[in-house]
file model_13.tsv (TSV, N, CA and C atoms)
chain	number	residue	atom	x	y	z
A	1	MET	N	18.05	2.62	1.98
A	1	MET	CA	16.69	2.16	2.14
A	1	MET	C	15.76	3.17	1.48
A	2	LEU	N	14.72	2.64	0.87
A	2	LEU	CA	13.66	3.46	0.30
A	2	LEU	C	12.38	3.09	1.02
A	3	ALA	N	11.71	4.07	1.60
A	3	ALA	CA	10.46	3.82	2.34
A	3	ALA	C	9.34	4.59	1.65
A	4	VAL	N	8.28	3.86	1.28
A	4	VAL	CA	7.14	4.44	0.59
A	4	VAL	C	5.88	4.13	1.41
A	5	PRO	N	5.09	5.15	1.74
A	5	PRO	CA	3.88	4.89	2.52
A	5	PRO	C	2.84	4.12	1.72
A	6	ILE	N	2.08	3.29	2.42
A	6	ILE	CA	0.95	2.57	1.81
A	6	ILE	C	-0.31	3.28	2.28
A	7	TYR	N	-1.03	3.90	1.35
A	7	TYR	CA	-2.22	4.65	1.67
A	7	TYR	C	-3.47	3.85	1.37
A	8	LEU	N	-4.48	4.05	2.20
A	8	LEU	CA	-5.81	3.51	1.94
A	8	LEU	C	-6.76	4.69	1.82
A	9	HIS	N	-7.43	4.80	0.69
A	9	HIS	CA	-8.39	5.87	0.50
A	9	HIS	C	-9.72	5.44	1.09
A	10	ARG	N	-10.30	6.29	1.86
A	10	ARG	CA	-11.60	6.03	2.48
A	10	ARG	C	-12.70	6.43	1.51
A	11	PHE	N	-13.93	6.09	1.86
A	11	PHE	CA	-15.04	6.49	1.01
A	11	PHE	C	-15.25	8.00	1.07
A	12	SER	N	-14.81	8.61	2.17
A	12	SER	CA	-14.81	10.06	2.22
A	12	SER	C	-13.52	10.53	1.56
A	13	LYS	N	-13.21	11.80	1.70
A	13	LYS	CA	-12.01	12.33	1.07
A	13	LYS	C	-10.76	12.11	1.92
A	14	ASP	N	-10.91	11.47	3.07
A	14	ASP	CA	-9.77	11.22	3.95
A	14	ASP	C	-8.88	10.12	3.39
A	15	VAL	N	-7.62	10.20	3.75
A	15	VAL	CA	-6.66	9.18	3.36
A	15	VAL	C	-5.92	8.76	4.63
A	16	ASP	N	-5.81	7.47	4.84
A	16	ASP	CA	-5.09	6.94	5.99
A	16	ASP	C	-3.83	6.23	5.52
A	17	THR	N	-2.79	6.32	6.33
A	17	THR	CA	-1.58	5.56	6.06
A	17	THR	C	-1.71	4.22	6.74
A	18	GLU	N	-1.64	3.16	5.96
A	18	GLU	CA	-1.79	1.81	6.48
A	18	GLU	C	-0.45	1.25	6.95
A	19	GLY	N	0.61	1.65	6.30
A	19	GLY	CA	1.92	1.13	6.64
A	19	GLY	C	2.97	1.71	5.71
A	20	VAL	N	4.12	1.08	5.70
A	20	VAL	CA	5.22	1.56	4.88
A	20	VAL	C	5.87	0.38	4.17
A	21	LEU	N	6.11	0.55	2.90
A	21	LEU	CA	6.85	-0.42	2.10
A	21	LEU	C	8.32	0.00	2.18
A	22	GLN	N	9.16	-0.88	2.71
A	22	GLN	CA	10.58	-0.56	2.86
A	22	GLN	C	11.40	-1.45	1.95
A	23	ILE	N	12.26	-0.81	1.17
A	23	ILE	CA	13.13	-1.53	0.24
A	23	ILE	C	14.57	-1.30	0.68
A	24	TYR	N	15.25	-2.38	0.99
A	24	TYR	CA	16.63	-2.30	1.48
A	24	TYR	C	17.60	-2.75	0.40
A	25	TYR	N	18.75	-2.11	0.35
A	25	TYR	CA	19.84	-2.50	-0.52
A	25	TYR	C	21.08	-2.74	0.32
A	26	LYS	N	21.88	-3.72	-0.04
A	26	LYS	CA	23.12	-3.97	0.68
A	26	LYS	C	24.12	-2.83	0.43
A	27	GLU	N	24.00	-2.23	-0.72
A	27	GLU	CA	24.89	-1.15	-1.10
A	27	GLU	C	24.67	0.07	-0.20
A	28	GLU	N	25.74	0.59	0.36
A	28	GLU	CA	25.61	1.76	1.22
A	28	GLU	C	25.46	3.03	0.38
A	29	ASP	N	24.73	3.99	0.91
A	29	ASP	CA	24.50	5.28	0.24
A	29	ASP	C	23.94	5.11	-1.17
A	30	LYS	N	23.01	4.19	-1.29
A	30	LYS	CA	22.37	3.93	-2.59
A	30	LYS	C	21.55	5.14	-3.00
A	31	VAL	N	21.73	5.57	-4.22
A	31	VAL	CA	20.93	6.65	-4.79
A	31	VAL	C	19.92	5.99	-5.72
A	32	PHE	N	18.64	6.15	-5.40
A	32	PHE	CA	17.59	5.51	-6.20
A	32	PHE	C	17.30	6.35	-7.43
A	33	THR	N	17.11	5.68	-8.53
A	33	THR	CA	16.76	6.37	-9.77
A	33	THR	C	15.29	6.76	-9.71
A	34	PRO	N	14.88	7.75	-10.49
A	34	PRO	CA	13.46	8.12	-10.53
A	34	PRO	C	12.57	6.94	-10.92
A	35	LEU	N	13.05	6.07	-11.79
A	35	LEU	CA	12.26	4.91	-12.19
A	35	LEU	C	12.06	3.95	-11.01
A	36	GLU	N	13.10	3.72	-10.22
A	36	GLU	CA	12.98	2.85	-9.04
A	36	GLU	C	11.98	3.42	-8.04
A	37	VAL	N	12.02	4.72	-7.85
A	37	VAL	CA	11.07	5.36	-6.93
A	37	VAL	C	9.65	5.23	-7.47
A	38	GLU	N	9.47	5.45	-8.76
A	38	GLU	CA	8.15	5.35	-9.38
A	38	GLU	C	7.59	3.93	-9.27
A	39	VAL	N	8.42	2.93	-9.51
A	39	VAL	CA	7.98	1.54	-9.41
A	39	VAL	C	7.59	1.21	-7.97
A	40	ALA	N	8.37	1.68	-6.99
A	40	ALA	CA	8.05	1.44	-5.59
A	40	ALA	C	6.73	2.10	-5.22
A	41	GLU	N	6.50	3.32	-5.69
A	41	GLU	CA	5.23	4.00	-5.42
A	41	GLU	C	4.05	3.27	-6.05
A	42	MET	N	4.23	2.79	-7.27
A	42	MET	CA	3.16	2.05	-7.94
A	42	MET	C	2.86	0.75	-7.20
A	43	PHE	N	3.90	0.05	-6.77
A	43	PHE	CA	3.70	-1.18	-6.01
A	43	PHE	C	2.97	-0.89	-4.70
A	44	SER	N	3.33	0.20	-4.05
A	44	SER	CA	2.68	0.60	-2.81
A	44	SER	C	1.19	0.86	-3.02
A	45	LYS	N	0.86	1.51	-4.12
A	45	LYS	CA	-0.56	1.78	-4.43
A	45	LYS	C	-1.32	0.47	-4.67
A	46	ARG	N	-0.68	-0.47	-5.34
A	46	ARG	CA	-1.32	-1.77	-5.59
A	46	ARG	C	-1.56	-2.53	-4.29
A	47	VAL	N	-0.59	-2.47	-3.40
A	47	VAL	CA	-0.75	-3.13	-2.10
A	47	VAL	C	-1.92	-2.50	-1.34
A	48	GLY	N	-2.01	-1.18	-1.35
A	48	GLY	CA	-3.13	-0.49	-0.71
A	48	GLY	C	-4.46	-0.90	-1.31
A	49	TYR	N	-4.50	-1.06	-2.62
A	49	TYR	CA	-5.72	-1.48	-3.31
A	49	TYR	C	-6.13	-2.89	-2.88
A	50	VAL	N	-5.17	-3.79	-2.79
A	50	VAL	CA	-5.46	-5.17	-2.37
A	50	VAL	C	-5.96	-5.21	-0.93
A	51	ILE	N	-5.34	-4.43	-0.06
A	51	ILE	CA	-5.79	-4.38	1.34
A	51	ILE	C	-7.22	-3.86	1.41
A	52	ALA	N	-7.53	-2.83	0.63
A	52	ALA	CA	-8.88	-2.28	0.63
A	52	ALA	C	-9.89	-3.32	0.13
A	53	LEU	N	-9.55	-4.06	-0.92
A	53	LEU	CA	-10.46	-5.10	-1.42
A	53	LEU	C	-10.69	-6.20	-0.38
A	54	LYS	N	-9.62	-6.58	0.30
A	54	LYS	CA	-9.77	-7.60	1.35
A	54	LYS	C	-10.71	-7.12	2.45
A	55	ARG	N	-10.59	-5.86	2.83
A	55	ARG	CA	-11.48	-5.31	3.86
A	55	ARG	C	-12.93	-5.29	3.39
A	56	ILE	N	-13.14	-4.91	2.14
A	56	ILE	CA	-14.50	-4.89	1.60
A	56	ILE	C	-15.09	-6.30	1.59
A	57	LYS	N	-14.33	-7.28	1.14
A	57	LYS	CA	-14.81	-8.67	1.13
A	57	LYS	C	-15.11	-9.16	2.54
A	58	TYR	N	-14.26	-8.80	3.49
A	58	TYR	CA	-14.48	-9.18	4.88
A	58	TYR	C	-15.78	-8.57	5.42
A	59	LEU	N	-15.98	-7.28	5.13
A	59	LEU	CA	-17.20	-6.62	5.61
A	59	LEU	C	-18.45	-7.21	4.95
A	60	ARG	N	-18.38	-7.51	3.67
A	60	ARG	CA	-19.53	-8.12	2.98
A	60	ARG	C	-19.83	-9.50	3.53
A	61	LYS	N	-18.79	-10.27	3.80
A	61	LYS	CA	-18.99	-11.62	4.35
A	61	LYS	C	-19.67	-11.54	5.72
A	62	ASN	N	-19.19	-10.63	6.56
A	62	ASN	CA	-19.79	-10.47	7.89
A	62	ASN	C	-21.22	-9.97	7.79
A	63	GLU	N	-21.51	-9.13	6.82
A	63	GLU	CA	-22.85	-8.62	6.62
A	63	GLU	C	-23.80	-9.75	6.21
A	64	CYS	N	-23.34	-10.62	5.34
A	64	CYS	CA	-24.15	-11.75	4.88
A	64	CYS	C	-24.37	-12.76	6.02
A	65	ASP	N	-23.34	-12.97	6.82
A	65	ASP	CA	-23.44	-13.93	7.92
A	65	ASP	C	-24.43	-13.46	8.98
A	66	GLN	N	-24.55	-12.14	9.17
A	66	GLN	CA	-25.44	-11.61	10.19
A	66	GLN	C	-26.88	-11.47	9.68
A	67	GLY	N	-27.03	-11.36	8.36
A	67	GLY	CA	-28.35	-11.09	7.79
A	67	GLY	C	-29.13	-12.27	7.41

call {"tool": "encode", "arguments": {"input": "model_13.tsv", "output": "structure tokens"}}
result
Amino acid sequence: MLAVPIYLHRFSKDVDTEGVLQIYYKEEDKVFTPLEVEVAEMFSKRVGYVIALKRIKYLRKNECDQG
């Protein structure tokens, strides 16, 4: 299994962990190549970016509904 954290960057310099991307292989004792690790990290960053955009859209929608 390969587990990569999903980070969300705040507007401040803080970083929160939103979750973990877990990649399972049927093969036991799988050794991941550096490329596989890099691709998993890049995918994790993209997921964090999408989550952040969804939150921004949600906050903007609520702001418009209240105003």

call {"tool": "atom_distance", "arguments": {"input": "model_13.tsv", "atom1": "CA of Val20 in chain A", "atom2": "CA of Val4 in chain A"}}
result
5.5 Å

call {"tool": "closest_residue", "arguments": {"input": "model_13.tsv", "among": "A:Val31, A:Cys64, A:Ile6, A:Leu59", "to": "Phe43 in chain A", "atoms": "only C-alpha atoms"}}
result
A:Ile6

call {"tool": "atom_distance", "arguments": {"input": "model_13.tsv", "atom1": "CA of Asp65 in chain A", "atom2": "CA of Tyr49 in chain A"}}
result
24.4 Å

call {"tool": "closest_residue", "arguments": {"input": "model_13.tsv", "among": "A:Ala52, A:Arg60, A:Arg46, A:Pro34", "to": "His9 in chain A", "atoms": "all atoms listed in the file"}}
result
A:Ala52

call {"tool": "select_by_dssp", "arguments": {"input": "model_13.tsv", "residues": "chain A", "states": "strand (DSSP E or B)", "output": "VMD selection string"}}
result
chain A and resid 2 to 9 15 to 23

call {"tool": "write_last_selection", "arguments": {"input": "model_13.tsv", "atoms": "N, CA and C atoms", "output": "PDB file, in the coordinates of the input"}}
result
ATOM      1  N   LEU A   2      14.720   2.640   0.870  1.00  0.00           N
ATOM      2  CA  LEU A   2      13.660   3.460   0.300  1.00  0.00           C
ATOM      3  C   LEU A   2      12.380   3.090   1.020  1.00  0.00           C
ATOM      4  N   ALA A   3      11.710   4.070   1.600  1.00  0.00           N
ATOM      5  CA  ALA A   3      10.460   3.820   2.340  1.00  0.00           C
ATOM      6  C   ALA A   3       9.340   4.590   1.650  1.00  0.00           C
ATOM      7  N   VAL A   4       8.280   3.860   1.280  1.00  0.00           N
ATOM      8  CA  VAL A   4       7.140   4.440   0.590  1.00  0.00           C
ATOM      9  C   VAL A   4       5.880   4.130   1.410  1.00  0.00           C
ATOM     10  N   PRO A   5       5.090   5.150   1.740  1.00  0.00           N
ATOM     11  CA  PRO A   5       3.880   4.890   2.520  1.00  0.00           C
ATOM     12  C   PRO A   5       2.840   4.120   1.720  1.00  0.00           C
ATOM     13  N   ILE A   6       2.080   3.290   2.420  1.00  0.00           N
ATOM     14  CA  ILE A   6       0.950   2.570   1.810  1.00  0.00           C
ATOM     15  C   ILE A   6      -0.310   3.280   2.280  1.00  0.00           C
ATOM     16  N   TYR A   7      -1.030   3.900   1.350  1.00  0.00           N
ATOM     17  CA  TYR A   7      -2.220   4.650   1.670  1.00  0.00           C
ATOM     18  C   TYR A   7      -3.470   3.850   1.370  1.00  0.00           C
ATOM     19  N   LEU A   8      -4.480   4.050   2.200  1.00  0.00           N
ATOM     20  CA  LEU A   8      -5.810   3.510   1.940  1.00  0.00           C
ATOM     21  C   LEU A   8      -6.760   4.690   1.820  1.00  0.00           C
ATOM     22  N   HIS A   9      -7.430   4.800   0.690  1.00  0.00           N
ATOM     23  CA  HIS A   9      -8.390   5.870   0.500  1.00  0.00           C
ATOM     24  C   HIS A   9      -9.720   5.440   1.090  1.00  0.00           C
ATOM     25  N   VAL A  15      -7.620  10.200   3.750  1.00  0.00           N
ATOM     26  CA  VAL A  15      -6.660   9.180   3.360  1.00  0.00           C
ATOM     27  C   VAL A  15      -5.920   8.760   4.630  1.00  0.00           C
ATOM     28  N   ASP A  16      -5.810   7.470   4.840  1.00  0.00           N
ATOM     29  CA  ASP A  16      -5.090   6.940   5.990  1.00  0.00           C
ATOM     30  C   ASP A  16      -3.830   6.230   5.520  1.00  0.00           C
ATOM     31  N   THR A  17      -2.790   6.320   6.330  1.00  0.00           N
ATOM     32  CA  THR A  17      -1.580   5.560   6.060  1.00  0.00           C
ATOM     33  C   THR A  17      -1.710   4.220   6.740  1.00  0.00           C
ATOM     34  N   GLU A  18      -1.640   3.160   5.960  1.00  0.00           N
ATOM     35  CA  GLU A  18      -1.790   1.810   6.480  1.00  0.00           C
ATOM     36  C   GLU A  18      -0.450   1.250   6.950  1.00  0.00           C
ATOM     37  N   GLY A  19       0.610   1.650   6.300  1.00  0.00           N
ATOM     38  CA  GLY A  19       1.920   1.130   6.640  1.00  0.00           C
ATOM     39  C   GLY A  19       2.970   1.710   5.710  1.00  0.00           C
ATOM     40  N   VAL A  20       4.120   1.080   5.700  1.00  0.00           N
ATOM     41  CA  VAL A  20       5.220   1.560   4.880  1.00  0.00           C
ATOM     42  C   VAL A  20       5.870   0.380   4.170  1.00  0.00           C
ATOM     43  N   LEU A  21       6.110   0.550   2.900  1.00  0.00           N
ATOM     44  CA  LEU A  21       6.850  -0.420   2.100  1.00  0.00           C
ATOM     45  C   LEU A  21       8.320   0.000   2.180  1.00  0.00           C
ATOM     46  N   GLN A  22       9.160  -0.880   2.710  1.00  0.00           N
ATOM     47  CA  GLN A  22      10.580  -0.560   2.860  1.00  0.00           C
ATOM     48  C   GLN A  22      11.400  -1.450   1.950  1.00  0.00           C
ATOM     49  N   ILE A  23      12.260  -0.810   1.170  1.00  0.00           N
ATOM     50  CA  ILE A  23      13.130  -1.530   0.240  1.00  0.00           C
ATOM     51  C   ILE A  23      14.570  -1.300   0.680  1.00  0.00           C
TER      52      ILE A  23
END

call {"tool": "atom_distance", "arguments": {"input": "model_13.tsv", "atom1": "CA of Leu53 in chain A", "atom2": "atom C of Leu21 in chain A"}}
result
19.8 Å

call {"tool": "residues_around", "arguments": {"input": "model_13.tsv", "residues": "Ser44 in chain A", "least_positions_apart": "6", "cutoff": "12 Å", "atoms": "only C-alpha atoms", "output": "list in words"}}
result
Leu2, Ala3, Val4, Pro5, Ile6, Tyr7, Leu8, Thr17, Glu18, Gly19, Val20, Leu21, Gln22, Ile23, Val37, Glu38, Val50 and Ile51 of chain A

call {"tool": "select_by_dssp", "arguments": {"input": "model_13.tsv", "residues": "range 13-59 of chain A", "states": "alpha helix (DSSP H)", "output": "PyMOL selection string"}}
result
chain A and resi 34-59

call {"tool": "write_last_selection", "arguments": {"input": "model_13.tsv", "atoms": "N, CA and C atoms", "output": "PDB file, in the coordinates of the input"}}
result
ATOM      1  N   PRO A  34      14.880   7.750 -10.490  1.00  0.00           N
ATOM      2  CA  PRO A  34      13.460   8.120 -10.530  1.00  0.00           C
ATOM      3  C   PRO A  34      12.570   6.940 -10.920  1.00  0.00           C
ATOM      4  N   LEU A  35      13.050   6.070 -11.790  1.00  0.00           N
ATOM      5  CA  LEU A  35      12.260   4.910 -12.190  1.00  0.00           C
ATOM      6  C   LEU A  35      12.060   3.950 -11.010  1.00  0.00           C
ATOM      7  N   GLU A  36      13.100   3.720 -10.220  1.00  0.00           N
ATOM      8  CA  GLU A  36      12.980   2.850  -9.040  1.00  0.00           C
ATOM      9  C   GLU A  36      11.980   3.420  -8.040  1.00  0.00           C
ATOM     10  N   VAL A  37      12.020   4.720  -7.850  1.00  0.00           N
ATOM     11  CA  VAL A  37      11.070   5.360  -6.930  1.00  0.00           C
ATOM     12  C   VAL A  37       9.650   5.230  -7.470  1.00  0.00           C
ATOM     13  N   GLU A  38       9.470   5.450  -8.760  1.00  0.00           N
ATOM     14  CA  GLU A  38       8.150   5.350  -9.380  1.00  0.00           C
ATOM     15  C   GLU A  38       7.590   3.930  -9.270  1.00  0.00           C
ATOM     16  N   VAL A  39       8.420   2.930  -9.510  1.00  0.00           N
ATOM     17  CA  VAL A  39       7.980   1.540  -9.410  1.00  0.00           C
ATOM     18  C   VAL A  39       7.590   1.210  -7.970  1.00  0.00           C
ATOM     19  N   ALA A  40       8.370   1.680  -6.990  1.00  0.00           N
ATOM     20  CA  ALA A  40       8.050   1.440  -5.590  1.00  0.00           C
ATOM     21  C   ALA A  40       6.730   2.100  -5.220  1.00  0.00           C
ATOM     22  N   GLU A  41       6.500   3.320  -5.690  1.00  0.00           N
ATOM     23  CA  GLU A  41       5.230   4.000  -5.420  1.00  0.00           C
ATOM     24  C   GLU A  41       4.050   3.270  -6.050  1.00  0.00           C
ATOM     25  N   MET A  42       4.230   2.790  -7.270  1.00  0.00           N
ATOM     26  CA  MET A  42       3.160   2.050  -7.940  1.00  0.00           C
ATOM     27  C   MET A  42       2.860   0.750  -7.200  1.00  0.00           C
ATOM     28  N   PHE A  43       3.900   0.050  -6.770  1.00  0.00           N
ATOM     29  CA  PHE A  43       3.700  -1.180  -6.010  1.00  0.00           C
ATOM     30  C   PHE A  43       2.970  -0.890  -4.700  1.00  0.00           C
ATOM     31  N   SER A  44       3.330   0.200  -4.050  1.00  0.00           N
ATOM     32  CA  SER A  44       2.680   0.600  -2.810  1.00  0.00           C
ATOM     33  C   SER A  44       1.190   0.860  -3.020  1.00  0.00           C
ATOM     34  N   LYS A  45       0.860   1.510  -4.120  1.00  0.00           N
ATOM     35  CA  LYS A  45      -0.560   1.780  -4.430  1.00  0.00           C
ATOM     36  C   LYS A  45      -1.320   0.470  -4.670  1.00  0.00           C
ATOM     37  N   ARG A  46      -0.680  -0.470  -5.340  1.00  0.00           N
ATOM     38  CA  ARG A  46      -1.320  -1.770  -5.590  1.00  0.00           C
ATOM     39  C   ARG A  46      -1.560  -2.530  -4.290  1.00  0.00           C
ATOM     40  N   VAL A  47      -0.590  -2.470  -3.400  1.00  0.00           N
ATOM     41  CA  VAL A  47      -0.750  -3.130  -2.100  1.00  0.00           C
ATOM     42  C   VAL A  47      -1.920  -2.500  -1.340  1.00  0.00           C
ATOM     43  N   GLY A  48      -2.010  -1.180  -1.350  1.00  0.00           N
ATOM     44  CA  GLY A  48      -3.130  -0.490  -0.710  1.00  0.00           C
ATOM     45  C   GLY A  48      -4.460  -0.900  -1.310  1.00  0.00           C
ATOM     46  N   TYR A  49      -4.500  -1.060  -2.620  1.00  0.00           N
ATOM     47  CA  TYR A  49      -5.720  -1.480  -3.310  1.00  0.00           C
ATOM     48  C   TYR A  49      -6.130  -2.890  -2.880  1.00  0.00           C
ATOM     49  N   VAL A  50      -5.170  -3.790  -2.790  1.00  0.00           N
ATOM     50  CA  VAL A  50      -5.460  -5.170  -2.370  1.00  0.00           C
ATOM     51  C   VAL A  50      -5.960  -5.210  -0.930  1.00  0.00           C
ATOM     52  N   ILE A  51      -5.340  -4.430  -0.060  1.00  0.00           N
ATOM     53  CA  ILE A  51      -5.790  -4.380   1.340  1.00  0.00           C
ATOM     54  C   ILE A  51      -7.220  -3.860   1.410  1.00  0.00           C
ATOM     55  N   ALA A  52      -7.530  -2.830   0.630  1.00  0.00           N
ATOM     56  CA  ALA A  52      -8.880  -2.280   0.630  1.00  0.00           C
ATOM     57  C   ALA A  52      -9.890  -3.320   0.130  1.00  0.00           C
ATOM     58  N   LEU A  53      -9.550  -4.060  -0.920  1.00  0.00           N
ATOM     59  CA  LEU A  53     -10.460  -5.100  -1.420  1.00  0.00           C
ATOM     60  C   LEU A  53     -10.690  -6.200  -0.380  1.00  0.00           C
ATOM     61  N   LYS A  54      -9.620  -6.580   0.300  1.00  0.00           N
ATOM     62  CA  LYS A  54      -9.770  -7.600   1.350  1.00  0.00           C
ATOM     63  C   LYS A  54     -10.710  -7.120   2.450  1.00  0.00           C
ATOM     64  N   ARG A  55     -10.590  -5.860   2.830  1.00  0.00           N
ATOM     65  CA  ARG A  55     -11.480  -5.310   3.860  1.00  0.00           C
ATOM     66  C   ARG A  55     -12.930  -5.290   3.390  1.00  0.00           C
ATOM     67  N   ILE A  56     -13.140  -4.910   2.140  1.00  0.00           N
ATOM     68  CA  ILE A  56     -14.500  -4.890   1.600  1.00  0.00           C
ATOM     69  C   ILE A  56     -15.090  -6.300   1.590  1.00  0.00           C
ATOM     70  N   LYS A  57     -14.330  -7.280   1.140  1.00  0.00           N
ATOM     71  CA  LYS A  57     -14.810  -8.670   1.130  1.00  0.00           C
ATOM     72  C   LYS A  57     -15.110  -9.160   2.540  1.00  0.00           C
ATOM     73  N   TYR A  58     -14.260  -8.800   3.490  1.00  0.00           N
ATOM     74  CA  TYR A  58     -14.480  -9.180   4.880  1.00  0.00           C
ATOM     75  C   TYR A  58     -15.780  -8.570   5.420  1.00  0.00           C
ATOM     76  N   LEU A  59     -15.980  -7.280   5.130  1.00  0.00           N
ATOM     77  CA  LEU A  59     -17.200  -6.620   5.610  1.00  0.00           C
ATOM     78  C   LEU A  59     -18.450  -7.210   4.950  1.00  0.00           C
TER      79      LEU A  59
END

call {"tool": "residues_around", "arguments": {"input": "model_13.tsv", "residues": "Met1 in chain A", "least_positions_apart": "4", "cutoff": "10 Å", "atoms": "only C-alpha atoms", "output": "compact mmCIF listing (two decimals) with N, CA and C atoms, in the coordinates of the input"}}
result
# COMPACT_ATOMS: atom_id res chain seq x y z
N GLN A 22 9.16 -0.88 2.71
CA GLN A 22 10.58 -0.56 2.86
C GLN A 22 11.40 -1.45 1.95
N ILE A 23 12.26 -0.81 1.17
CA ILE A 23 13.13 -1.53 0.24
C ILE A 23 14.57 -1.30 0.68
N TYR A 24 15.25 -2.38 0.99
CA TYR A 24 16.63 -2.30 1.48
C TYR A 24 17.60 -2.75 0.40
N TYR A 25 18.75 -2.11 0.35
CA TYR A 25 19.84 -2.50 -0.52
C TYR A 25 21.08 -2.74 0.32
N LYS A 26 21.88 -3.72 -0.04
CA LYS A 26 23.12 -3.97 0.68
C LYS A 26 24.12 -2.83 0.43
N GLU A 27 24.00 -2.23 -0.72
CA GLU A 27 24.89 -1.15 -1.10
C GLU A 27 24.67 0.07 -0.20
N GLU A 28 25.74 0.59 0.36
CA GLU A 28 25.61 1.76 1.22
C GLU A 28 25.46 3.03 0.38
N ASP A 29 24.73 3.99 0.91
CA ASP A 29 24.50 5.28 0.24
C ASP A 29 23.94 5.11 -1.17
N LYS A 30 23.01 4.19 -1.29
CA LYS A 30 22.37 3.93 -2.59
C LYS A 30 21.55 5.14 -3.00
N VAL A 31 21.73 5.57 -4.22
CA VAL A 31 20.93 6.65 -4.79
C VAL A 31 19.92 5.99 -5.72
N PHE A 32 18.64 6.15 -5.40
CA PHE A 32 17.59 5.51 -6.20
C PHE A 32 17.30 6.35 -7.43
